[in-house]
file run.cif (mmCIF, C-alpha atoms and all ligand atoms)
data_query
#
loop_
_atom_site.group_PDB
_atom_site.id
_atom_site.type_symbol
_atom_site.label_atom_id
_atom_site.label_comp_id
_atom_site.auth_asym_id
_atom_site.auth_seq_id
_atom_site.Cartn_x
_atom_site.Cartn_y
_atom_site.Cartn_z
ATOM 1 C CA MET L 1 -25.824 -8.345 -5.780
ATOM 2 C CA ASN L 2 -23.888 -5.680 -7.722
ATOM 3 C CA ASN L 3 -22.457 -7.494 -10.742
ATOM 4 C CA SER L 4 -20.854 -4.549 -12.556
ATOM 5 C CA LEU L 5 -17.386 -5.716 -11.462
ATOM 6 C CA PHE L 6 -17.892 -8.968 -13.340
ATOM 7 C CA ASP L 7 -18.537 -7.094 -16.574
ATOM 8 C CA ALA L 8 -15.079 -5.514 -16.403
ATOM 9 C CA ALA L 9 -12.254 -7.379 -18.094
ATOM 10 C CA GLY L 10 -8.574 -7.537 -17.232
ATOM 11 C CA HIS L 11 -6.613 -7.361 -14.007
ATOM 12 C CA TYR L 12 -8.181 -7.121 -10.570
ATOM 13 C CA PHE L 13 -7.052 -3.533 -9.959
ATOM 14 C CA ALA L 14 -8.264 -2.395 -13.386
ATOM 15 C CA ALA L 15 -11.751 -3.558 -12.449
ATOM 16 C CA VAL L 16 -11.870 -2.218 -8.888
ATOM 17 C CA ALA L 17 -10.202 1.151 -9.603
ATOM 18 C CA LYS L 18 -13.439 3.132 -9.843
ATOM 19 C CA SER L 19 -14.765 1.880 -6.506
ATOM 20 C CA TYR L 20 -11.357 1.666 -4.783
ATOM 21 C CA ASP L 21 -11.385 4.867 -2.707
ATOM 22 C CA HIS L 22 -14.973 4.305 -1.692
ATOM 23 C CA LEU L 23 -14.728 0.614 -0.788
ATOM 24 C CA GLN L 24 -11.122 -0.230 0.075
ATOM 25 C CA PRO L 25 -11.022 1.473 3.509
ATOM 26 C CA VAL L 26 -14.089 -0.602 4.406
ATOM 27 C CA VAL L 27 -13.268 -4.047 2.970
ATOM 28 C CA ALA L 28 -9.589 -3.929 3.954
ATOM 29 C CA GLY L 29 -10.555 -3.539 7.605
ATOM 30 C CA PRO L 30 -9.732 -1.044 10.341
ATOM 31 C CA GLY L 31 -5.968 -1.439 9.908
ATOM 32 C CA TYR L 32 -6.084 0.141 6.445
ATOM 33 C CA ALA L 33 -6.871 3.789 7.234
ATOM 34 C CA GLY L 34 -5.143 3.591 10.631
ATOM 35 C CA GLY L 35 -1.989 2.253 9.021
ATOM 36 C CA ILE L 36 -1.891 4.912 6.313
ATOM 37 C CA THR L 37 -2.347 7.694 8.864
ATOM 38 C CA PHE L 38 0.457 6.286 10.987
ATOM 39 C CA VAL L 39 2.827 5.991 7.989
ATOM 40 C CA VAL L 40 2.474 9.758 7.512
ATOM 41 C CA ASP L 41 3.004 10.370 11.257
ATOM 42 C CA LEU L 42 6.174 8.269 11.096
ATOM 43 C CA ILE L 43 7.866 10.289 8.342
ATOM 44 C CA PRO L 44 11.059 11.516 10.027
ATOM 45 C CA ARG L 45 10.809 15.101 8.767
ATOM 46 C CA GLN L 46 9.588 18.434 10.101
ATOM 47 C CA ASP L 47 6.416 19.864 8.544
ATOM 48 C CA GLU L 48 8.367 22.664 6.818
ATOM 49 C CA ASP L 49 11.089 20.368 5.347
ATOM 50 C CA SER L 50 11.601 20.018 1.625
ATOM 51 C CA PHE L 51 12.134 16.417 0.462
ATOM 52 C CA VAL L 52 11.331 13.993 -2.334
ATOM 53 C CA CYS L 53 9.061 11.050 -1.617
ATOM 54 C CA VAL L 54 8.487 8.096 -3.951
ATOM 55 C CA GLU L 55 5.414 5.936 -3.386
ATOM 56 C CA LEU L 56 5.616 2.439 -4.882
ATOM 57 C CA GLY L 57 2.312 0.766 -5.799
ATOM 58 C CA CYS L 58 0.507 4.043 -5.135
ATOM 59 C CA GLY L 59 -2.869 2.836 -6.447
ATOM 60 C CA THR L 60 -5.106 5.903 -6.376
ATOM 61 C CA ALA L 61 -2.379 7.829 -4.481
ATOM 62 C CA SER L 62 -4.209 8.463 -1.211
ATOM 63 C CA LEU L 63 -0.949 8.089 0.718
ATOM 64 C CA ALA L 64 1.006 10.410 -1.601
ATOM 65 C CA LYS L 65 -1.784 12.981 -1.251
ATOM 66 C CA SER L 66 -1.612 12.756 2.553
ATOM 67 C CA VAL L 67 2.162 13.317 2.422
ATOM 68 C CA LEU L 68 1.756 16.392 0.199
ATOM 69 C CA ASP L 69 -0.932 17.761 2.516
ATOM 70 C CA ARG L 70 1.138 17.252 5.659
ATOM 71 C CA PHE L 71 4.431 18.523 4.176
ATOM 72 C CA PRO L 72 3.729 21.568 1.954
ATOM 73 C CA HIS L 73 7.345 21.745 0.674
ATOM 74 C CA ALA L 74 7.653 18.051 -0.187
ATOM 75 C CA SER L 75 7.244 16.600 -3.665
ATOM 76 C CA ALA L 76 6.037 13.119 -4.551
ATOM 77 C CA VAL L 77 6.471 10.611 -7.351
ATOM 78 C CA ALA L 78 3.556 8.164 -7.327
ATOM 79 C CA LEU L 79 4.292 4.945 -9.221
ATOM 80 C CA ASP L 80 2.004 2.048 -10.062
ATOM 81 C CA SER L 81 1.699 -0.600 -12.756
ATOM 82 C CA GLU L 82 -2.079 -0.310 -13.249
ATOM 83 C CA PRO L 83 -3.223 2.478 -15.623
ATOM 84 C CA ALA L 84 -6.804 2.539 -14.298
ATOM 85 C CA MET L 85 -5.562 3.224 -10.751
ATOM 86 C CA LEU L 86 -3.158 5.846 -12.118
ATOM 87 C CA ASP L 87 -5.970 7.704 -13.918
ATOM 88 C CA ILE L 88 -7.546 8.333 -10.521
ATOM 89 C CA ALA L 89 -4.157 9.120 -8.934
ATOM 90 C CA ARG L 90 -3.510 11.749 -11.644
ATOM 91 C CA ARG L 91 -6.823 13.475 -10.998
ATOM 92 C CA LYS L 92 -6.267 13.373 -7.251
ATOM 93 C CA LEU L 93 -2.761 14.840 -7.428
ATOM 94 C CA ALA L 94 -3.437 17.412 -10.200
ATOM 95 C CA PRO L 95 -4.084 20.235 -7.688
ATOM 96 C CA TYR L 96 -0.496 19.834 -6.398
ATOM 97 C CA GLY L 97 0.949 20.862 -9.798
ATOM 98 C CA GLY L 98 4.717 20.371 -10.060
ATOM 99 C CA ARG L 99 4.931 18.889 -6.560
ATOM 100 C CA ALA L 100 3.401 15.631 -7.805
ATOM 101 C CA ARG L 101 4.341 13.290 -10.613
ATOM 102 C CA VAL L 102 2.359 10.174 -11.442
ATOM 103 C CA THR L 103 4.169 7.493 -13.385
ATOM 104 C CA GLU L 104 3.369 4.037 -14.728
ATOM 105 C CA GLY L 105 5.934 1.374 -13.950
ATOM 106 C CA GLU L 106 6.593 -2.060 -12.584
ATOM 107 C CA ALA L 107 8.244 -1.362 -9.215
ATOM 108 C CA THR L 108 10.370 -4.504 -9.328
ATOM 109 C CA VAL L 109 12.135 -3.561 -12.569
ATOM 110 C CA CYS L 110 11.685 0.122 -13.483
ATOM 111 C CA ALA L 111 14.257 2.831 -12.716
ATOM 112 C CA LEU L 112 13.505 4.676 -9.492
ATOM 113 C CA PRO L 113 14.204 8.398 -9.166
ATOM 114 C CA PRO L 114 16.555 9.647 -6.391
ATOM 115 C CA ALA L 115 14.537 10.102 -3.205
ATOM 116 C CA ASP L 116 14.742 10.995 0.479
ATOM 117 C CA LEU L 117 11.815 8.798 1.378
ATOM 118 C CA VAL L 118 10.302 5.675 -0.222
ATOM 119 C CA LEU L 119 6.856 4.562 0.888
ATOM 120 C CA SER L 120 4.810 1.547 -0.029
ATOM 121 C CA ALA L 121 1.359 0.622 1.263
ATOM 122 C CA PHE L 122 -0.165 -2.760 0.511
ATOM 123 C CA MET L 123 2.008 -3.414 -2.562
ATOM 124 C CA LEU L 124 4.598 -5.822 -1.164
ATOM 125 C CA HIS L 125 2.083 -8.660 -0.844
ATOM 126 C CA HIS L 126 1.821 -8.563 -4.658
ATOM 127 C CA VAL L 127 5.595 -9.001 -5.068
ATOM 128 C CA PRO L 128 6.872 -12.607 -5.164
ATOM 129 C CA PRO L 129 9.421 -13.506 -2.467
ATOM 130 C CA GLU L 130 12.163 -14.068 -5.051
ATOM 131 C CA SER L 131 11.812 -10.449 -6.311
ATOM 132 C CA LEU L 132 11.961 -8.748 -2.899
ATOM 133 C CA GLY L 133 15.773 -8.676 -2.610
ATOM 134 C CA ALA L 134 16.207 -6.968 -5.986
ATOM 135 C CA LEU L 135 13.393 -4.524 -5.188
ATOM 136 C CA PHE L 136 14.952 -3.471 -1.875
ATOM 137 C CA GLN L 137 18.388 -3.192 -3.546
ATOM 138 C CA ARG L 138 16.945 -0.762 -6.068
ATOM 139 C CA VAL L 139 15.132 1.207 -3.350
ATOM 140 C CA SER L 140 18.380 1.375 -1.397
ATOM 141 C CA GLY L 141 20.191 2.613 -4.524
ATOM 142 C CA ALA L 142 17.570 5.337 -5.099
ATOM 143 C CA LEU L 143 17.569 6.630 -1.523
ATOM 144 C CA ASN L 144 19.880 9.470 -0.529
ATOM 145 C CA PRO L 145 22.085 9.034 2.587
ATOM 146 C CA SER L 146 19.905 9.017 5.737
ATOM 147 C CA GLY L 147 16.936 8.250 3.492
ATOM 148 C CA CYS L 148 14.073 6.266 4.895
ATOM 149 C CA LEU L 149 11.920 3.376 3.670
ATOM 150 C CA ILE L 150 8.516 2.834 5.268
ATOM 151 C CA VAL L 151 6.369 -0.110 4.210
ATOM 152 C CA LEU L 152 2.851 -0.918 5.332
ATOM 153 C CA ASP L 153 1.379 -4.298 4.527
ATOM 154 C CA THR L 154 -0.092 -7.439 5.967
ATOM 155 C CA MET L 155 2.778 -9.548 7.322
ATOM 156 C CA ARG L 156 3.225 -12.579 9.499
ATOM 157 C CA VAL L 157 5.276 -11.836 12.602
ATOM 158 C CA GLY L 158 6.565 -14.384 15.095
ATOM 159 C CA ALA L 159 4.544 -17.437 16.084
ATOM 160 C CA PRO L 160 1.244 -18.209 14.283
ATOM 161 C CA TRP L 161 -1.893 -16.917 16.034
ATOM 162 C CA GLY L 162 -4.085 -19.215 18.058
ATOM 163 C CA GLU L 163 -7.832 -19.452 17.445
ATOM 164 C CA ALA L 164 -8.648 -16.839 20.135
ATOM 165 C CA ILE L 165 -6.609 -14.085 18.462
ATOM 166 C CA GLY L 166 -8.053 -14.961 15.056
ATOM 167 C CA ALA L 167 -11.566 -14.745 16.522
ATOM 168 C CA GLN L 168 -10.844 -11.300 17.999
ATOM 169 C CA SER L 169 -9.534 -10.112 14.650
ATOM 170 C CA ARG L 170 -12.677 -11.316 12.852
ATOM 171 C CA ARG L 171 -14.918 -9.726 15.518
ATOM 172 C CA LEU L 172 -13.265 -6.309 15.153
ATOM 173 C CA TYR L 173 -13.364 -6.632 11.364
ATOM 174 C CA GLN L 174 -17.108 -7.298 11.454
ATOM 175 C CA GLN L 175 -17.651 -4.333 13.814
ATOM 176 C CA HIS L 176 -15.788 -2.139 11.321
ATOM 177 C CA ILE L 177 -17.954 -3.377 8.425
ATOM 178 C CA ASN L 178 -21.169 -2.890 10.419
ATOM 179 C CA ALA L 179 -20.151 0.661 11.381
ATOM 180 C CA ALA L 180 -19.310 1.556 7.770
ATOM 181 C CA ILE L 181 -22.683 0.270 6.526
ATOM 182 C CA ALA L 182 -24.541 2.033 9.356
ATOM 183 C CA ALA L 183 -22.720 5.271 8.458
ATOM 184 C CA GLY L 184 -23.857 4.903 4.820
ATOM 185 C CA CYS L 185 -20.303 4.452 3.448
ATOM 186 C CA CYS L 186 -21.342 1.422 1.386
ATOM 187 C CA THR L 187 -23.805 -1.453 1.302
ATOM 188 C CA GLN L 188 -23.466 -5.116 2.238
ATOM 189 C CA ASP L 189 -24.148 -5.940 -1.437
ATOM 190 C CA GLU L 190 -21.134 -3.899 -2.550
ATOM 191 C CA ILE L 191 -18.931 -5.642 0.002
ATOM 192 C CA ASP L 192 -20.203 -9.104 -0.967
ATOM 193 C CA ALA L 193 -19.711 -8.344 -4.674
ATOM 194 C CA ARG L 194 -16.146 -7.185 -4.057
ATOM 195 C CA TRP L 195 -15.213 -10.327 -2.093
ATOM 196 C CA GLU L 196 -16.863 -12.593 -4.668
ATOM 197 C CA PHE L 197 -14.993 -10.792 -7.450
ATOM 198 C CA LYS L 198 -11.709 -11.096 -5.558
ATOM 199 C CA ARG L 199 -12.210 -14.841 -5.104
ATOM 200 C CA ARG L 200 -12.851 -15.229 -8.822
ATOM 201 C CA MET L 201 -9.855 -13.084 -9.828
ATOM 202 C CA LYS L 202 -7.633 -15.130 -7.505
ATOM 203 C CA ALA L 203 -8.909 -18.364 -9.014
ATOM 204 C CA GLU L 204 -8.124 -16.992 -12.489
ATOM 205 C CA GLY L 205 -4.636 -15.821 -11.434
ATOM 206 C CA LYS L 206 -5.493 -12.152 -12.012
ATOM 207 C CA ASP L 207 -5.020 -11.162 -8.358
ATOM 208 C CA VAL L 208 -1.866 -12.801 -7.052
ATOM 209 C CA GLU L 209 -0.944 -12.295 -3.388
ATOM 210 C CA TYR L 210 1.899 -13.578 -1.216
ATOM 211 C CA SER L 211 2.046 -13.912 2.556
ATOM 212 C CA HIS L 212 5.373 -12.418 3.582
ATOM 213 C CA CYS L 213 6.893 -12.868 6.981
ATOM 214 C CA ALA L 214 8.209 -9.668 8.644
ATOM 215 C CA GLU L 215 11.451 -11.375 9.670
ATOM 216 C CA ASP L 216 12.175 -12.328 6.022
ATOM 217 C CA LEU L 217 11.325 -8.827 4.812
ATOM 218 C CA ALA L 218 13.588 -7.294 7.468
ATOM 219 C CA ALA L 219 16.439 -9.615 6.458
ATOM 220 C CA ALA L 220 16.032 -8.666 2.770
ATOM 221 C CA VAL L 221 15.943 -4.951 3.660
ATOM 222 C CA GLN L 222 19.086 -5.301 5.797
ATOM 223 C CA GLU L 223 20.809 -7.259 3.053
ATOM 224 C CA ALA L 224 20.048 -4.353 0.683
ATOM 225 C CA GLY L 225 22.195 -2.016 2.781
ATOM 226 C CA PHE L 226 19.837 -0.469 5.318
ATOM 227 C CA ALA L 227 21.324 0.189 8.755
ATOM 228 C CA GLU L 228 18.248 0.185 10.952
ATOM 229 C CA VAL L 229 15.228 -1.985 10.266
ATOM 230 C CA GLY L 230 12.303 -2.452 12.606
ATOM 231 C CA VAL L 231 8.623 -3.231 12.942
ATOM 232 C CA VAL L 232 7.226 0.000 14.368
ATOM 233 C CA TRP L 233 3.452 -0.557 14.343
ATOM 234 C CA ARG L 234 1.073 -3.467 14.217
ATOM 235 C CA ARG L 235 -2.700 -4.052 14.236
ATOM 236 C CA PHE L 236 -3.220 -7.776 13.839
ATOM 237 C CA ALA L 237 -1.587 -8.590 10.471
ATOM 238 C CA PHE L 238 -1.366 -4.939 9.395
ATOM 239 C CA THR L 239 2.260 -4.072 9.989
ATOM 240 C CA ILE L 240 4.572 -1.118 9.369
ATOM 241 C CA MET L 241 8.302 -1.601 8.952
ATOM 242 C CA ALA L 242 10.742 1.306 8.802
ATOM 243 C CA ALA L 243 14.370 1.249 7.684
ATOM 244 C CA PHE L 244 17.089 3.882 7.291
ATOM 245 C CA LYS L 245 20.020 4.229 4.934
ATOM 246 C CA PRO L 246 23.344 4.901 6.708
HETATM 247 C C1 LIG L 301 -3.773 -3.108 -2.655
HETATM 248 S S1 LIG L 301 -3.349 -1.861 -3.815
HETATM 249 C C2 LIG L 301 -2.672 -0.609 -2.760
HETATM 250 C C3 LIG L 301 -2.811 0.766 -3.341
HETATM 251 C C4 LIG L 301 -2.431 1.899 -2.406
HETATM 252 N N1 LIG L 301 -1.028 1.871 -2.091
HETATM 253 C C5 LIG L 301 -3.252 1.847 -1.151
HETATM 254 O O1 LIG L 301 -2.667 1.768 -0.068
HETATM 255 O O2 LIG L 301 -4.469 1.902 -1.233
HETATM 256 C C6 LIG L 301 -1.896 -2.498 -4.570
HETATM 257 C C7 LIG L 301 -1.405 -1.617 -5.692
HETATM 258 O O3 LIG L 301 -0.083 -2.025 -6.025
HETATM 259 C C8 LIG L 301 0.021 -2.046 -7.428
HETATM 260 N N2 LIG L 301 1.093 -2.980 -7.748
HETATM 261 C C9 LIG L 301 1.147 -4.307 -7.477
HETATM 262 N N3 LIG L 301 2.325 -4.817 -7.870
HETATM 263 C C10 LIG L 301 3.028 -3.787 -8.394
HETATM 264 C C11 LIG L 301 4.313 -3.670 -8.964
HETATM 265 N N4 LIG L 301 5.109 -4.732 -9.067
HETATM 266 N N5 LIG L 301 4.728 -2.459 -9.402
HETATM 267 C C12 LIG L 301 3.921 -1.383 -9.304
HETATM 268 N N6 LIG L 301 2.686 -1.423 -8.771
HETATM 269 C C13 LIG L 301 2.247 -2.615 -8.317
HETATM 270 C C14 LIG L 301 -1.352 -2.434 -7.929
HETATM 271 O O4 LIG L 301 -1.555 -2.049 -9.271
HETATM 272 C C15 LIG L 301 -2.255 -1.694 -6.954
HETATM 273 O O5 LIG L 301 -2.563 -0.408 -7.415
#

call {"tool": "encode", "arguments": {"input": "run.cif", "output": "structure tokens"}}
result
Amino acid sequence: MNNSLFDAAGHYFAAVAKSYDHLQPVVAGPGYAGGITFVVDLIPRQDEDSFVCVELGCGTASLAKSVLDRFPHASAVALDSEPAMLDIARRKLAPYGGRARVTEGEATVCALPPADLVLSAFMLHHVPPESLGALFQRVSGALNPSGCLIVLDTMRVGAPWGEAIGAQSRRLYQQHINAAIAAGCCTQDEIDARWEFKRRMKAEGKDVEYSHCAEDLAAAVQEAGFAEVGVVWRRFAFTIMAAFKP
């Protein structure tokens, strides 16, 4: 068992930052990389358009990097509250020069720059339900007219799953893990160590997660002044919601 994670102090994301890009696409399951790719496909802009994108909870900024690669005239502000994740984001986005800015901030309270597009991948489940309304209000205030918000996260939608759907989800997850190990992406020990560390961090209150329901998120987004809100993609719990400013 790889115990190096347990030697690191502090918040969950401070400890996992170094292994995040390597391990996250594996341990998060097949919906992680597929969801991020589809967020970029969904951006309602032409490849040659110039626009400003803000990514909330950017982590190591893989999504912001994909946006800058796809749209060579776009610029991105990548925001996160965890300095260790931002160190990696800064290195990753350095080649984009003035097109990329990496900034430390708490998304629920910090000032957001004016933007045409706000993206967030797997951050909302760290935001408590009572803070979502204020967050979406501030996103709405930062977005220019016709601006777009796209969020990717695990969400509950509609009726709870039965046992058969849960079993299918676990089967596909295990296939994904097996394929990643067979391809040499990581080892079973690394995966086990990460899950054990996550369990401990949760028990210590250093990795707090909430299970949001898509209908509640959509209502909060609508309440914040967005005209169109919809779930546009789903792979089991991995869900993408898009919304537009009038
Ligand atoms: C699961 S990671 C996702 C990172 C990246 N978006 C991705 O898709 O891989 C969640 C990230 O959100 C950040 N985060 C959580 N709550 C935040 C908040 N209130 N403000 C800013 N960042 C936050 C964490 O520090 C972490 O980097």

call {"tool": "resolve_selection", "arguments": {"input": "run.cif", "expression": "the PyMOL selection byres (((chain L and resi 198) around 12) and not hetatm)", "output": "JSON, numbers by chain"}}
result
{"L": [5, 6, 11, 12, 13, 15, 16, 27, 191, 192, 193, 194, 195, 196, 197, 199, 200, 201, 202, 203, 204, 205, 206, 207, 208, 209]}

call {"tool": "closest_residue", "arguments": {"input": "run.cif", "among": "L:Ala159, L:Ala220, L:Cys186, L:Leu143", "to": "Lys245 in chain L", "atoms": "only C-alpha atoms"}}
result
L:Leu143

call {"tool": "residues_near_ligand", "arguments": {"input": "run.cif", "ligand": "ligand LIG 301 (chain L)", "cutoff": "6 Å", "atoms": "all atoms listed in the file", "output": "PyMOL selection string"}}
result
chain L and resi 13+57-59+80-82+85+105-108+121-123+126-127

call {"tool": "resolve_selection", "arguments": {"input": "run.cif", "expression": "the PyMOL selection byres (((chain L and resi 151) around 10) and not hetatm)", "output": "list of chain:residue names"}}
result
L:Gly35, L:Ile36, L:Val39, L:Glu55, L:Leu56, L:Val118, L:Leu119, L:Ser120, L:Ala121, L:Phe122, L:Met123, L:Leu124, L:Leu149, L:Ile150, L:Leu152, L:Asp153, L:Thr154, L:Val231, L:Thr239, L:Ile240, L:Met241, L:Ala242, L:Ala243

call {"tool": "atom_distance", "arguments": {"input": "run.cif", "atom1": "CA of Leu112 in chain L", "atom2": "CA of Asp21 in chain L"}}
result
25.8 Å

call {"tool": "closest_residue", "arguments": {"input": "run.cif", "among": "L:Val229, L:Val26, L:Ala218, L:Ile165", "to": "Asn178 in chain L", "atoms": "all atoms listed in the file"}}
result
L:Val26

call {"tool": "resolve_selection", "arguments": {"input": "run.cif", "expression": "the PyMOL selection byres (((chain L and resi 134) around 10) and not hetatm)", "output": "ChimeraX atom specification"}}
result
/L:108-109,130-133,135-140,220-221,224

call {"tool": "atom_distance", "arguments": {"input": "run.cif", "atom1": "CA of Ala61 in chain L", "atom2": "CA of Ser75 in chain L"}}
result
13.0 Å

call {"tool": "residues_around", "arguments": {"input": "run.cif", "residues": "Asp41 in chain L", "least_positions_apart": "6", "cutoff": "12 Å", "atoms": "all atoms listed in the file", "output": "PDB file with C-alpha atoms, keeping the file's coordinate frame"}}
result
ATOM      1  CA  GLY L  34      -5.143   3.591  10.631  1.00  0.00           C
ATOM      2  CA  GLY L  35      -1.989   2.253   9.021  1.00  0.00           C
ATOM      3  CA  ASP L  47       6.416  19.864   8.544  1.00  0.00           C
ATOM      4  CA  LEU L  63      -0.949   8.089   0.718  1.00  0.00           C
ATOM      5  CA  SER L  66      -1.612  12.756   2.553  1.00  0.00           C
ATOM      6  CA  VAL L  67       2.162  13.317   2.422  1.00  0.00           C
ATOM      7  CA  ARG L  70       1.138  17.252   5.659  1.00  0.00           C
ATOM      8  CA  PHE L  71       4.431  18.523   4.176  1.00  0.00           C
ATOM      9  CA  ILE L 150       8.516   2.834   5.268  1.00  0.00           C
ATOM     10  CA  VAL L 232       7.226   0.000  14.368  1.00  0.00           C
ATOM     11  CA  TRP L 233       3.452  -0.557  14.343  1.00  0.00           C
ATOM     12  CA  ILE L 240       4.572  -1.118   9.369  1.00  0.00           C
TER      13      ILE L 240
END

call {"tool": "closest_residue", "arguments": {"input": "run.cif", "among": "L:Gly147, L:Gly10, L:Pro25, L:Pro30", "to": "Tyr173 in chain L", "atoms": "all atoms listed in the file"}}
result
L:Pro30

call {"tool": "atom_distance", "arguments": {"input": "run.cif", "atom1": "CA of Tyr96 in chain L", "atom2": "CA of Lys65 in chain L"}}
result
8.7 Å

call {"tool": "residues_near_point", "arguments": {"input": "run.cif", "point": "(11.6, 11.2, -1.1)", "cutoff": "6 Å", "atoms": "all atoms listed in the file", "output": "MDAnalysis selection string"}}
result
chainID L and resid 51:54 115:118

call {"tool": "residues_near_point", "arguments": {"input": "run.cif", "point": "(13.1, 8.0, -11.1)", "cutoff": "10 Å", "atoms": "only C-alpha atoms", "output": "ChimeraX atom specification"}}
result
/L:54,77,79,103,110-115,142

call {"tool": "decode", "arguments": {"input": "run.cif", "residues": "range 161-179 of chain L", "atoms": "C-alpha atoms", "output": "compact mmCIF listing (two decimals), in the first residue's frame"}}
result
# COMPACT_ATOMS: atom_id res chain seq x y z
CA TRP L 161 -32.01 4.13 -8.96
CA GLY L 162 -33.00 0.55 -8.33
CA GLU L 163 -30.43 -2.12 -7.50
CA ALA L 164 -30.07 -3.20 -11.16
CA ILE L 165 -28.93 0.24 -12.35
CA GLY L 166 -26.55 0.57 -9.41
CA ALA L 167 -25.06 -2.84 -10.27
CA GLN L 168 -24.54 -1.80 -13.90
CA SER L 169 -22.82 1.38 -12.77
CA ARG L 170 -20.46 -0.56 -10.49
CA ARG L 171 -19.73 -3.10 -13.25
CA LEU L 172 -18.75 -0.40 -15.76
CA TYR L 173 -16.70 1.37 -13.09
CA GLN L 174 -14.75 -1.82 -12.38
CA GLN L 175 -14.19 -2.39 -16.12
CA HIS L 176 -12.77 1.14 -16.35
CA ILE L 177 -10.42 0.51 -13.40
CA ASN L 178 -9.28 -2.84 -14.82
CA ALA L 179 -8.59 -1.27 -18.23
